[in-house]
Every structure is written in structure tokens, then in C-alpha cells.
file coords08.pdb (PDB, C-alpha atoms, pLDDT in the B column)
MODEL        1
ATOM      1  CA  ALA L   1     106.331 -30.279   0.577  1.00 50.00           C
ATOM      2  CA  LEU L   2     105.594 -33.294   2.673  1.00 45.00           C
ATOM      3  CA  VAL L   3     103.117 -31.317   4.728  1.00 48.00           C
ATOM      4  CA  LEU L   4     101.320 -30.101   1.565  1.00 50.00           C
ATOM      5  CA  VAL L   5     101.054 -33.681   0.294  1.00 45.00           C
ATOM      6  CA  CYS L   6      99.549 -34.778   3.592  1.00 46.00           C
ATOM      7  CA  ILE L   7      96.984 -31.978   3.509  1.00 53.00           C
ATOM      8  CA  LEU L   8      95.908 -32.872  -0.035  1.00 51.00           C
ATOM      9  CA  ALA L   9      95.650 -36.511   0.911  1.00 50.00           C
ATOM     10  CA  VAL L  10      93.391 -35.724   3.874  1.00 49.00           C
ATOM     11  CA  ALA L  11      91.189 -33.427   1.731  1.00 50.00           C
ATOM     12  CA  GLY L  12      90.846 -36.122  -0.873  1.00 52.00           C
ATOM     13  CA  VAL L  13      89.708 -38.623   1.710  1.00 50.00           C
ATOM     14  CA  MET L  14      87.070 -36.179   3.023  1.00 58.00           C
ATOM     15  CA  LEU L  15      85.719 -35.143  -0.405  1.00 51.00           C
ATOM     16  CA  TYR L  16      85.608 -38.613  -1.891  1.00 51.00           C
ATOM     17  CA  PRO L  17      82.127 -39.542  -0.523  1.00 53.00           C
ATOM     18  CA  LEU L  18      80.652 -36.391  -2.040  1.00 51.00           C
ATOM     19  CA  PHE L  19      82.066 -37.032  -5.491  1.00 50.00           C
ATOM     20  CA  LYS L  20      81.071 -40.649  -5.201  1.00 52.00           C
ATOM     21  CA  LYS L  21      77.443 -39.665  -4.455  1.00 49.00           C
ATOM     22  CA  ASP L  22      77.249 -37.323  -7.463  1.00 48.00           C
ATOM     23  CA  MET L  23      78.753 -39.909  -9.772  1.00 49.00           C
ATOM     24  CA  THR L  24      76.310 -42.628  -8.711  1.00 49.00           C
ATOM     25  CA  VAL L  25      73.947 -43.514 -11.564  1.00 49.00           C
ATOM     26  CA  SER L  26      70.333 -43.528 -10.387  1.00 51.00           C
ATOM     27  CA  LYS L  27      68.453 -46.655 -11.182  1.00 56.00           C
ATOM     28  CA  VAL L  28      65.371 -46.243 -13.418  1.00 56.00           C
ATOM     29  CA  PRO L  29      62.402 -48.288 -12.163  1.00 60.00           C
ATOM     30  CA  PRO L  30      61.216 -50.909 -14.613  1.00 63.00           C
ATOM     31  CA  PRO L  31      58.109 -50.009 -16.651  1.00 64.00           C
ATOM     32  CA  VAL L  32      54.717 -51.018 -15.267  1.00 60.00           C
ATOM     33  CA  PRO L  33      53.220 -53.660 -17.508  1.00 59.00           C
ATOM     34  CA  ASP L  34      49.988 -52.656 -19.318  1.00 58.00           C
ATOM     35  CA  PRO L  35      47.294 -55.113 -18.271  1.00 55.00           C
ATOM     36  CA  LEU L  36      45.512 -54.683 -21.604  1.00 51.00           C
ATOM     37  CA  LYS L  37      48.635 -55.620 -23.573  1.00 55.00           C
ATOM     38  CA  THR L  38      49.783 -58.370 -21.275  1.00 50.00           C
ATOM     39  CA  THR L  39      46.411 -60.070 -21.135  1.00 51.00           C
ATOM     40  CA  GLY L  40      45.398 -59.353 -24.714  1.00 51.00           C
ATOM     41  CA  THR L  41      42.138 -57.774 -23.563  1.00 49.00           C
ATOM     42  CA  THR L  42      40.656 -54.993 -25.722  1.00 52.00           C
ATOM     43  CA  ILE L  43      38.474 -52.088 -24.624  1.00 50.00           C
ATOM     44  CA  ALA L  44      35.594 -53.389 -26.679  1.00 52.00           C
ATOM     45  CA  SER L  45      35.588 -56.597 -24.699  1.00 58.00           C
ATOM     46  CA  LEU L  46      35.182 -54.843 -21.326  1.00 61.00           C
ATOM     47  CA  PRO L  47      31.871 -55.518 -19.595  1.00 67.00           C
ATOM     48  CA  PRO L  48      29.258 -52.763 -20.105  1.00 71.00           C
ATOM     49  CA  SER L  49      28.632 -50.247 -17.332  1.00 72.00           C
ATOM     50  CA  PRO L  50      25.653 -51.051 -15.170  1.00 72.00           C
ATOM     51  CA  PRO L  51      22.543 -48.970 -16.031  1.00 73.00           C
ATOM     52  CA  LYS L  52      21.816 -45.888 -13.906  1.00 70.00           C
ATOM     53  CA  PRO L  53      18.977 -46.385 -11.502  1.00 65.00           C
ATOM     54  CA  THR L  54      15.769 -44.662 -12.566  1.00 66.00           C
ATOM     55  CA  VAL L  55      13.434 -42.826 -10.194  1.00 57.00           C
ATOM     56  CA  ALA L  56       9.721 -42.852 -10.725  1.00 60.00           C
ATOM     57  CA  ALA L  57       8.017 -39.466 -11.035  1.00 57.00           C
ATOM     58  CA  ASN L  58       6.115 -39.996  -7.833  1.00 60.00           C
ATOM     59  CA  GLU L  59       9.332 -40.772  -5.944  1.00 63.00           C
ATOM     60  CA  TYR L  60      10.822 -37.263  -6.308  1.00 62.00           C
ATOM     61  CA  PRO L  61      10.717 -35.265  -3.080  1.00 70.00           C
ATOM     62  CA  VAL L  62       7.755 -32.914  -2.912  1.00 73.00           C
ATOM     63  CA  ILE L  63       8.737 -29.353  -1.975  1.00 79.00           C
ATOM     64  CA  PRO L  64       5.845 -27.573  -0.290  1.00 83.00           C
ATOM     65  CA  VAL L  65       4.974 -24.226  -1.865  1.00 82.00           C
ATOM     66  CA  LYS L  66       3.564 -21.588   0.423  1.00 84.00           C
ATOM     67  CA  PRO L  67       0.608 -19.803  -1.149  1.00 85.00           C
ATOM     68  CA  VAL L  68       1.156 -16.096  -1.726  1.00 84.00           C
ATOM     69  CA  PRO L  69      -1.633 -14.188   0.007  1.00 85.00           C
ATOM     70  CA  LEU L  70      -3.537 -11.858  -2.266  1.00 84.00           C
ATOM     71  CA  PRO L  71      -3.744  -8.219  -1.173  1.00 84.00           C
ATOM     72  CA  GLU L  72      -6.948  -7.436   0.600  1.00 83.00           C
ATOM     73  CA  PRO L  73      -9.269  -5.113  -1.291  1.00 82.00           C
ATOM     74  CA  PRO L  74      -9.353  -1.582   0.103  1.00 83.00           C
ATOM     75  CA  GLU L  75     -12.140  -0.795   2.485  1.00 88.00           C
ATOM     76  CA  PRO L  76     -14.983   1.155   0.910  1.00 92.00           C
ATOM     77  CA  PRO L  77     -14.905   4.842   1.815  1.00 94.00           C
ATOM     78  CA  SER L  78     -17.036   5.853   4.755  1.00 95.00           C
ATOM     79  CA  PHE L  79     -18.787   9.157   5.273  1.00 96.00           C
ATOM     80  CA  ASP L  80     -16.332  10.149   8.015  1.00 95.00           C
ATOM     81  CA  SER L  81     -13.298   9.343   5.835  1.00 95.00           C
ATOM     82  CA  VAL L  82     -14.740  11.428   2.980  1.00 96.00           C
ATOM     83  CA  VAL L  83     -15.327  14.387   5.313  1.00 95.00           C
ATOM     84  CA  LYS L  84     -11.778  14.122   6.649  1.00 95.00           C
ATOM     85  CA  LYS L  85     -10.203  14.031   3.176  1.00 96.00           C
ATOM     86  CA  VAL L  86     -12.308  16.927   1.889  1.00 95.00           C
ATOM     87  CA  ARG L  87     -11.322  19.120   4.831  1.00 95.00           C
ATOM     88  CA  GLU L  88      -7.634  18.408   4.130  1.00 96.00           C
ATOM     89  CA  LEU L  89      -7.797  19.579   0.498  1.00 97.00           C
ATOM     90  CA  GLY L  90      -5.782  22.766  -0.022  1.00 96.00           C
ATOM     91  CA  LYS L  91      -5.163  23.073   3.702  1.00 94.00           C
ATOM     92  CA  LYS L  92      -1.442  23.778   3.275  1.00 93.00           C
ATOM     93  CA  LYS L  93      -2.094  26.874   1.158  1.00 95.00           C
ATOM     94  CA  GLU L  94      -4.320  29.713   2.350  1.00 95.00           C
ATOM     95  CA  ALA L  95      -6.390  31.550  -0.253  1.00 96.00           C
ATOM     96  CA  ALA L  96      -5.281  35.015   0.839  1.00 96.00           C
ATOM     97  CA  PHE L  97      -6.934  36.593  -2.216  1.00 97.00           C
ATOM     98  CA  LEU L  98     -10.390  35.351  -1.134  1.00 98.00           C
ATOM     99  CA  ARG L  99     -12.696  36.925   1.451  1.00 98.00           C
ATOM    100  CA  LEU L 100     -15.254  34.628   3.082  1.00 98.00           C
ATOM    101  CA  TRP L 101     -17.699  35.792   5.763  1.00 97.00           C
ATOM    102  CA  VAL L 102     -21.174  35.497   7.331  1.00 96.00           C
ATOM    103  CA  ASP L 103     -23.597  38.004   8.868  1.00 89.00           C
ATOM    104  CA  LYS L 104     -22.384  37.424  12.432  1.00 93.00           C
ATOM    105  CA  VAL L 105     -20.296  35.041  14.498  1.00 93.00           C
ATOM    106  CA  GLU L 106     -23.123  33.586  16.602  1.00 97.00           C
ATOM    107  CA  PHE L 107     -26.572  32.353  15.568  1.00 97.00           C
ATOM    108  CA  LYS L 108     -29.567  30.952  17.366  1.00 97.00           C
ATOM    109  CA  ILE L 109     -31.369  27.889  16.104  1.00 97.00           C
ATOM    110  CA  GLY L 110     -34.037  29.152  13.691  1.00 95.00           C
ATOM    111  CA  ASP L 111     -32.085  32.251  12.599  1.00 96.00           C
ATOM    112  CA  SER L 112     -31.528  32.986   8.921  1.00 94.00           C
ATOM    113  CA  VAL L 113     -27.961  32.899   7.672  1.00 95.00           C
ATOM    114  CA  SER L 114     -26.284  34.127   4.490  1.00 95.00           C
ATOM    115  CA  TYR L 115     -22.766  33.446   3.243  1.00 96.00           C
ATOM    116  CA  TYR L 116     -20.604  35.881   1.282  1.00 97.00           C
ATOM    117  CA  PHE L 117     -17.347  35.672  -0.643  1.00 98.00           C
ATOM    118  CA  GLN L 118     -15.296  37.811  -2.993  1.00 98.00           C
ATOM    119  CA  SER L 119     -12.077  37.003  -4.857  1.00 98.00           C
ATOM    120  CA  ASP L 120      -9.343  39.347  -6.065  1.00 98.00           C
ATOM    121  CA  LYS L 121      -8.862  37.223  -9.187  1.00 97.00           C
ATOM    122  CA  ASP L 122     -10.813  34.933 -11.492  1.00 98.00           C
ATOM    123  CA  CYS L 123     -10.929  31.399 -10.133  1.00 98.00           C
ATOM    124  CA  TYR L 124     -13.034  28.291  -9.613  1.00 98.00           C
ATOM    125  CA  LEU L 125     -14.622  27.808  -6.225  1.00 97.00           C
ATOM    126  CA  VAL L 126     -16.398  25.099  -4.225  1.00 97.00           C
ATOM    127  CA  VAL L 127     -17.841  26.003  -0.808  1.00 97.00           C
ATOM    128  CA  PHE L 128     -19.237  23.450   1.617  1.00 97.00           C
ATOM    129  CA  ASN L 129     -20.629  23.514   5.136  1.00 97.00           C
ATOM    130  CA  LYS L 130     -19.714  20.942   7.769  1.00 96.00           C
ATOM    131  CA  THR L 131     -22.637  21.459  10.105  1.00 96.00           C
ATOM    132  CA  SER L 132     -22.806  21.036  13.865  1.00 96.00           C
ATOM    133  CA  ALA L 133     -24.914  17.922  13.180  1.00 95.00           C
ATOM    134  CA  GLY L 134     -22.006  16.376  11.254  1.00 94.00           C
ATOM    135  CA  GLU L 135     -23.602  16.842   7.828  1.00 95.00           C
ATOM    136  CA  LEU L 136     -21.710  17.841   4.680  1.00 96.00           C
ATOM    137  CA  VAL L 137     -23.536  20.281   2.393  1.00 95.00           C
ATOM    138  CA  GLN L 138     -22.251  21.958  -0.764  1.00 96.00           C
ATOM    139  CA  ILE L 139     -23.538  25.532  -0.718  1.00 95.00           C
ATOM    140  CA  PHE L 140     -21.674  26.715  -3.835  1.00 96.00           C
ATOM    141  CA  PRO L 141     -22.188  25.913  -6.672  1.00 95.00           C
ATOM    142  CA  ASN L 142     -25.928  25.422  -6.169  1.00 94.00           C
ATOM    143  CA  ARG L 143     -29.168  25.466  -8.121  1.00 93.00           C
ATOM    144  CA  PHE L 144     -29.195  29.276  -8.205  1.00 92.00           C
ATOM    145  CA  ASN L 145     -25.485  29.571  -9.072  1.00 92.00           C
ATOM    146  CA  PRO L 146     -24.648  26.297 -10.872  1.00 93.00           C
ATOM    147  CA  ASP L 147     -21.312  27.475 -12.298  1.00 94.00           C
ATOM    148  CA  SER L 148     -18.233  27.256 -10.065  1.00 95.00           C
ATOM    149  CA  PHE L 149     -16.475  30.062 -11.960  1.00 97.00           C
ATOM    150  CA  VAL L 150     -16.002  33.228  -9.880  1.00 97.00           C
ATOM    151  CA  GLU L 151     -15.268  36.629 -11.390  1.00 98.00           C
ATOM    152  CA  ALA L 152     -12.623  38.832  -9.851  1.00 98.00           C
ATOM    153  CA  ASN L 153     -13.767  41.620  -7.493  1.00 98.00           C
ATOM    154  CA  LYS L 154     -17.413  40.544  -7.623  1.00 97.00           C
ATOM    155  CA  LYS L 155     -19.328  40.017  -4.389  1.00 96.00           C
ATOM    156  CA  TYR L 156     -21.306  36.776  -4.199  1.00 96.00           C
ATOM    157  CA  SER L 157     -23.952  35.881  -1.636  1.00 95.00           C
ATOM    158  CA  ILE L 158     -25.568  32.554  -0.773  1.00 94.00           C
ATOM    159  CA  PRO L 159     -28.422  31.941  -1.290  1.00 91.00           C
ATOM    160  CA  GLY L 160     -28.489  35.279  -3.132  1.00 85.00           C
ATOM    161  CA  GLU L 161     -29.671  38.763  -2.243  1.00 81.00           C
ATOM    162  CA  GLU L 162     -31.920  38.863  -5.304  1.00 81.00           C
ATOM    163  CA  LEU L 163     -33.684  35.618  -4.305  1.00 84.00           C
ATOM    164  CA  ASP L 164     -36.719  35.534  -2.044  1.00 83.00           C
ATOM    165  CA  ILE L 165     -35.403  32.594  -0.014  1.00 86.00           C
ATOM    166  CA  ALA L 166     -33.476  32.200   3.223  1.00 86.00           C
ATOM    167  CA  LEU L 167     -31.273  29.556   4.805  1.00 92.00           C
ATOM    168  CA  GLU L 168     -32.241  28.600   8.338  1.00 94.00           C
ATOM    169  CA  VAL L 169     -29.871  27.562  11.105  1.00 95.00           C
ATOM    170  CA  THR L 170     -31.067  24.136  12.221  1.00 93.00           C
ATOM    171  CA  GLY L 171     -28.544  23.229  14.916  1.00 91.00           C
ATOM    172  CA  PRO L 172     -27.929  21.434  17.196  1.00 96.00           C
ATOM    173  CA  PRO L 173     -25.875  23.818  19.326  1.00 97.00           C
ATOM    174  CA  GLY L 174     -22.230  23.722  18.370  1.00 97.00           C
ATOM    175  CA  ARG L 175     -20.133  25.136  15.550  1.00 97.00           C
ATOM    176  CA  ASP L 176     -20.630  25.205  11.795  1.00 97.00           C
ATOM    177  CA  GLU L 177     -17.532  25.228   9.607  1.00 97.00           C
ATOM    178  CA  ILE L 178     -17.546  26.846   6.154  1.00 97.00           C
ATOM    179  CA  VAL L 179     -14.712  25.730   3.863  1.00 97.00           C
ATOM    180  CA  ALA L 180     -13.942  27.295   0.471  1.00 98.00           C
ATOM    181  CA  LEU L 181     -11.653  25.457  -1.968  1.00 98.00           C
ATOM    182  CA  VAL L 182     -10.096  27.549  -4.739  1.00 98.00           C
ATOM    183  CA  SER L 183      -8.285  26.565  -7.938  1.00 97.00           C
ATOM    184  CA  ASP L 184      -7.278  28.069 -11.269  1.00 96.00           C
ATOM    185  CA  GLU L 185      -8.791  24.974 -12.914  1.00 96.00           C
ATOM    186  CA  ARG L 186     -12.369  23.747 -12.890  1.00 95.00           C
ATOM    187  CA  PHE L 187     -12.995  20.807 -10.569  1.00 94.00           C
ATOM    188  CA  ASP L 188     -15.960  18.887  -9.204  1.00 90.00           C
ATOM    189  CA  LEU L 189     -16.168  17.364  -5.750  1.00 91.00           C
ATOM    190  CA  PHE L 190     -19.760  16.517  -4.940  1.00 88.00           C
ATOM    191  CA  SER L 191     -22.318  17.148  -7.656  1.00 75.00           C
ATOM    192  CA  GLU L 192     -23.320  19.507 -10.417  1.00 74.00           C
ATOM    193  CA  ASN L 193     -26.863  18.174 -10.530  1.00 80.00           C
ATOM    194  CA  PHE L 194     -29.266  20.182  -8.373  1.00 87.00           C
ATOM    195  CA  ASP L 195     -32.564  18.831  -9.688  1.00 85.00           C
ATOM    196  CA  GLU L 196     -33.476  17.097  -6.434  1.00 85.00           C
ATOM    197  CA  GLN L 197     -32.086  19.610  -3.933  1.00 89.00           C
ATOM    198  CA  PRO L 198     -30.934  23.230  -4.306  1.00 92.00           C
ATOM    199  CA  PHE L 199     -27.914  22.683  -2.036  1.00 93.00           C
ATOM    200  CA  PHE L 200     -26.338  19.288  -2.464  1.00 93.00           C
ATOM    201  CA  GLU L 201     -26.121  17.283   0.764  1.00 93.00           C
ATOM    202  CA  VAL L 202     -23.851  14.242   0.893  1.00 93.00           C
ATOM    203  CA  SER L 203     -25.827  11.214   2.026  1.00 90.00           C
ATOM    204  CA  LYS L 204     -24.188   9.081   4.699  1.00 91.00           C
ATOM    205  CA  LYS L 205     -25.859   5.886   3.435  1.00 89.00           C
ATOM    206  CA  ASN L 206     -25.312   6.245  -0.320  1.00 92.00           C
ATOM    207  CA  GLN L 207     -22.195   4.101  -0.773  1.00 94.00           C
ATOM    208  CA  ALA L 208     -22.048   4.619  -4.543  1.00 93.00           C
ATOM    209  CA  LEU L 209     -22.026   8.385  -3.999  1.00 93.00           C
ATOM    210  CA  LEU L 210     -19.290   8.144  -1.358  1.00 95.00           C
ATOM    211  CA  GLU L 211     -17.117   6.121  -3.752  1.00 95.00           C
ATOM    212  CA  LYS L 212     -17.688   8.685  -6.503  1.00 94.00           C
ATOM    213  CA  ILE L 213     -16.730  11.560  -4.195  1.00 95.00           C
ATOM    214  CA  SER L 214     -13.658   9.620  -3.045  1.00 95.00           C
ATOM    215  CA  GLY L 215     -12.578   9.308  -6.693  1.00 94.00           C
ATOM    216  CA  ASN L 216     -13.183  13.039  -7.233  1.00 95.00           C
ATOM    217  CA  ILE L 217     -11.012  13.796  -4.212  1.00 96.00           C
ATOM    218  CA  LYS L 218      -8.106  11.788  -5.667  1.00 94.00           C
ATOM    219  CA  MET L 219      -8.346  13.751  -8.916  1.00 94.00           C
ATOM    220  CA  THR L 220      -8.622  17.073  -7.075  1.00 95.00           C
ATOM    221  CA  GLU L 221      -5.544  16.322  -4.948  1.00 95.00           C
ATOM    222  CA  LYS L 222      -3.439  16.705  -8.111  1.00 94.00           C
ATOM    223  CA  LEU L 223      -4.504  20.349  -8.503  1.00 95.00           C
ATOM    224  CA  ASP L 224      -2.906  23.395  -6.946  1.00 95.00           C
ATOM    225  CA  LEU L 225      -5.648  24.116  -4.416  1.00 97.00           C
ATOM    226  CA  ALA L 226      -5.929  26.822  -1.795  1.00 98.00           C
ATOM    227  CA  GLN L 227      -8.331  26.932   1.119  1.00 97.00           C
ATOM    228  CA  LYS L 228     -10.179  29.468   3.223  1.00 97.00           C
ATOM    229  CA  ARG L 229     -12.331  28.518   6.205  1.00 96.00           C
ATOM    230  CA  ILE L 230     -14.419  30.244   8.847  1.00 97.00           C
ATOM    231  CA  THR L 231     -16.576  29.033  11.741  1.00 97.00           C
ATOM    232  CA  TYR L 232     -19.516  30.393  13.698  1.00 97.00           C
ATOM    233  CA  SER L 233     -21.342  29.332  16.847  1.00 97.00           C
ATOM    234  CA  ILE L 234     -24.894  28.001  17.140  1.00 97.00           C
ATOM    235  CA  ILE L 235     -26.790  28.377  20.409  1.00 96.00           C
ATOM    236  CA  ASN L 236     -30.330  27.666  21.604  1.00 93.00           C
TER     237      ASN L 236
ENDMDL
END

call {"tool": "encode", "arguments": {"input": "coords08.pdb", "output": "C-alpha cells"}}
result
Amino acid sequence: ALVLVCILAVAGVMLYPLFKKDMTVSKVPPPVPDPLKTTGTTIASLPPSPPKPTVAANEYPVIPVKPVPLPEPPEPPSFDSVVKKVRELGKKKEAAFLRLWVDKVEFKIGDSVSYYFQSDKDCYLVVFNKTSAGELVQIFPNRFNPDSFVEANKKYSIPGEELDIALEVTGPPGRDEIVALVSDERFDLFSENFDEQPFFEVSKKNQALLEKISGNIKMTEKLDLAQKRITYSIIN
């Protein structure tokens, strides 16, 4: 019993600081005095806020604005660009239903030449000649056959077997290229007016005409075109 009393006494001595700490009453700090109440000053009596500084309109920083360049106008079509675009029309689709031929594959300067074509179906046709001299001539339609409509299984000749006229090979030596463009819809590339010339030749210096043909090409590109072309040689 004496030992138990000693143990309890020792435990009490060791635990006393802990109980003492928990039982200590924390001191509450005194309230901070309100300067408005202690001095008797009201909000209305406070000095007004200083005015905000103003900046003159001409003192704002100027931000440079880069001018937006306007797109350059497209270059006017040239004769060479028109020839290139015309030759590309319908190039991806061959007109297998159309036969296109000439009398022979080689001509001398001064020879007469005739062109022939025949279609297996009704269609609309434009035929032009890119000559060895670099000229571009529409040979069908023409003054003698002004309508571009072609009947199926009918043989056509240019200038026409019933006409007392002939087309002469003018040269220079080289190759002439005959291109036929075919469509199920009527279209116009160069001209339907043959008052001044029986076979319409595209002038290299007529800028208004080149612009008109360029516009016709853009409209024709929307059609389902097919192409057939042949070439022949020209010698002295």
C-alpha cells in the first residue's frame, strides 16, 4: 500500500504542470480604441480626396497603325496567256466520239488544206487552229457555218466542199495544231460575228478582245468539256 501511494504521488507531481496549463485562463487583449469615437471626428468632417490628375487629349500615347496594303489588280490577260488557257480547256477528257482529220499529215507552204470532223452524237463544237506562226484562228463556227451545233453522224468539212474557196497553208515551216472543244451545251469562246473576216483570228494587240475571251474562258471552264486535237507538219 505504501508503494502504491508513492507511485500515485509521483504521477501527480508529473501531471500537475499539464493540468495547470489547461486550467490557465487566457488573457483577452484590451479593445483597440476607435479613433473616430475617441477624437469625436465624424466621416463628414474628413478632408476631401485630392482630385484625379487629368491628361490632355494630345498627351495620350500615339500608337502607330500600319497601313494595310491593298491587293494589286490582276494583270491584264496577254495573248500568250489566252492561248495557253484555251489549249487547256477540256484537256483532261478526250472526245472519243469525235473524229477530226485533215487531207494529209504534211503540207508545203502554198498548199490548200481542208479540215473534217464527224461526231457520233449531237453536240456543240468550237474548232481553232494554233498556227506555226503562233496565231490563233477559229475555223468553226465560221461565216459559212455560223452555228456551233453539230448533228450526229454528219460529216462536216472546212471551208466546205460545196464552196468554191480554199484555205492556203501560209507557214512558216513548223507544225499547226487543230483543237476541237466539245460540249453538250452551247458556248462561245472567240466570236460569233464574222462580218469582217470569214474565220475569226484573235488579234494580239486588241486588249479589249483578249479580256472578253478571258472572261469567256472562265465561263466555259464550268462546263463539262471534252477535247480532240491533231497536228500536221508544214515544210518549204

call {"tool": "closest_atom_pairs", "arguments": {"input": "coords08.pdb", "of": "stretch 124-185 of chain L", "to": "stretch 98-114 of chain L", "cutoff": "6 Å", "atoms": "only C-alpha atoms", "output": "tab-separated table"}}
result
residue	atom	partner	partner_atom	distance
L:Ile158	CA	L:Ser114	CA	5.5
L:Leu167	CA	L:Ser112	CA	5.4
L:Glu168	CA	L:Ser112	CA	4.5
L:Val169	CA	L:Gly110	CA	5.2
L:Thr170	CA	L:Ile109	CA	5.4
L:Gly171	CA	L:Ile109	CA	5.6

call {"tool": "closest_atom_pairs", "arguments": {"input": "coords08.pdb", "of": "stretch 116-157 of chain L", "to": "stretch 70-86 of chain L", "cutoff": "12 Å", "atoms": "only C-alpha atoms", "output": "tab-separated table"}}
result
residue	atom	partner	partner_atom	distance
L:Val126	CA	L:Val86	CA	11.0
L:Val127	CA	L:Val86	CA	11.0
L:Phe128	CA	L:Val86	CA	9.5
L:Asn129	CA	L:Val83	CA	10.6
L:Lys130	CA	L:Val83	CA	8.3
L:Thr131	CA	L:Val83	CA	11.2
L:Gly134	CA	L:Asp80	CA	9.0
L:Glu135	CA	L:Val83	CA	9.0
L:Leu136	CA	L:Val83	CA	7.3
L:Val137	CA	L:Val83	CA	10.5
L:Gln138	CA	L:Val86	CA	11.5

call {"tool": "closest_residue", "arguments": {"input": "coords08.pdb", "among": "L:Phe187, L:Tyr124, L:Tyr116, L:Phe199", "to": "L:Phe144", "atoms": "only C-alpha atoms"}}
result
L:Phe199

call {"tool": "closest_residue", "arguments": {"input": "coords08.pdb", "among": "L:Ser214, L:Thr220, L:Arg229, L:Lys155", "to": "L:Leu89", "atoms": "all atoms listed in the file"}}
result
L:Thr220

call {"tool": "resolve_selection", "arguments": {"input": "coords08.pdb", "expression": "the PyMOL selection byres ((chain L and resi 151) around 9)", "output": "compact mmCIF listing (two decimals) with C-alpha atoms, keeping the file's coordinate frame"}}
result
# COMPACT_ATOMS: atom_id res chain seq x y z
CA GLN L 118 -15.30 37.81 -2.99
CA SER L 119 -12.08 37.00 -4.86
CA ASP L 120 -9.34 39.35 -6.06
CA LYS L 121 -8.86 37.22 -9.19
CA ASP L 122 -10.81 34.93 -11.49
CA CYS L 123 -10.93 31.40 -10.13
CA TYR L 124 -13.03 28.29 -9.61
CA PHE L 149 -16.48 30.06 -11.96
CA VAL L 150 -16.00 33.23 -9.88
CA ALA L 152 -12.62 38.83 -9.85
CA ASN L 153 -13.77 41.62 -7.49
CA LYS L 154 -17.41 40.54 -7.62
CA LYS L 155 -19.33 40.02 -4.39

call {"tool": "resolve_selection", "arguments": {"input": "coords08.pdb", "expression": "the PyMOL selection byres ((chain L and resi 177) around 7)", "output": "PyMOL selection string"}}
result
chain L and resi 129-131+175-176+178-179+230-232

call {"tool": "closest_residue", "arguments": {"input": "coords08.pdb", "among": "L:Ser203, L:Leu163, L:Ile213, L:Ser183", "to": "L:Phe97", "atoms": "only C-alpha atoms"}}
result
L:Ser183

call {"tool": "axis_aligned_box", "arguments": {"input": "coords08.pdb", "around": "stretch 89-102 of chain L", "padding_each_side": "4 Å", "output": "JSON"}}
result
{"center_x": -11.3, "center_y": 28.3, "center_z": 2.6, "size_x": 27.7, "size_y": 25.3, "size_z": 17.5}

call {"tool": "resolve_selection", "arguments": {"input": "coords08.pdb", "expression": "the PyMOL selection byres ((chain L and resi 197) around 12)", "output": "PyMOL selection string"}}
result
chain L and resi 137-139+142-144+191-196+198-202

call {"tool": "closest_residue", "arguments": {"input": "coords08.pdb", "among": "L:Ser233, L:Asn206, L:Asn216, L:Asn145", "to": "L:Gly174", "atoms": "only C-alpha atoms"}}
result
L:Ser233
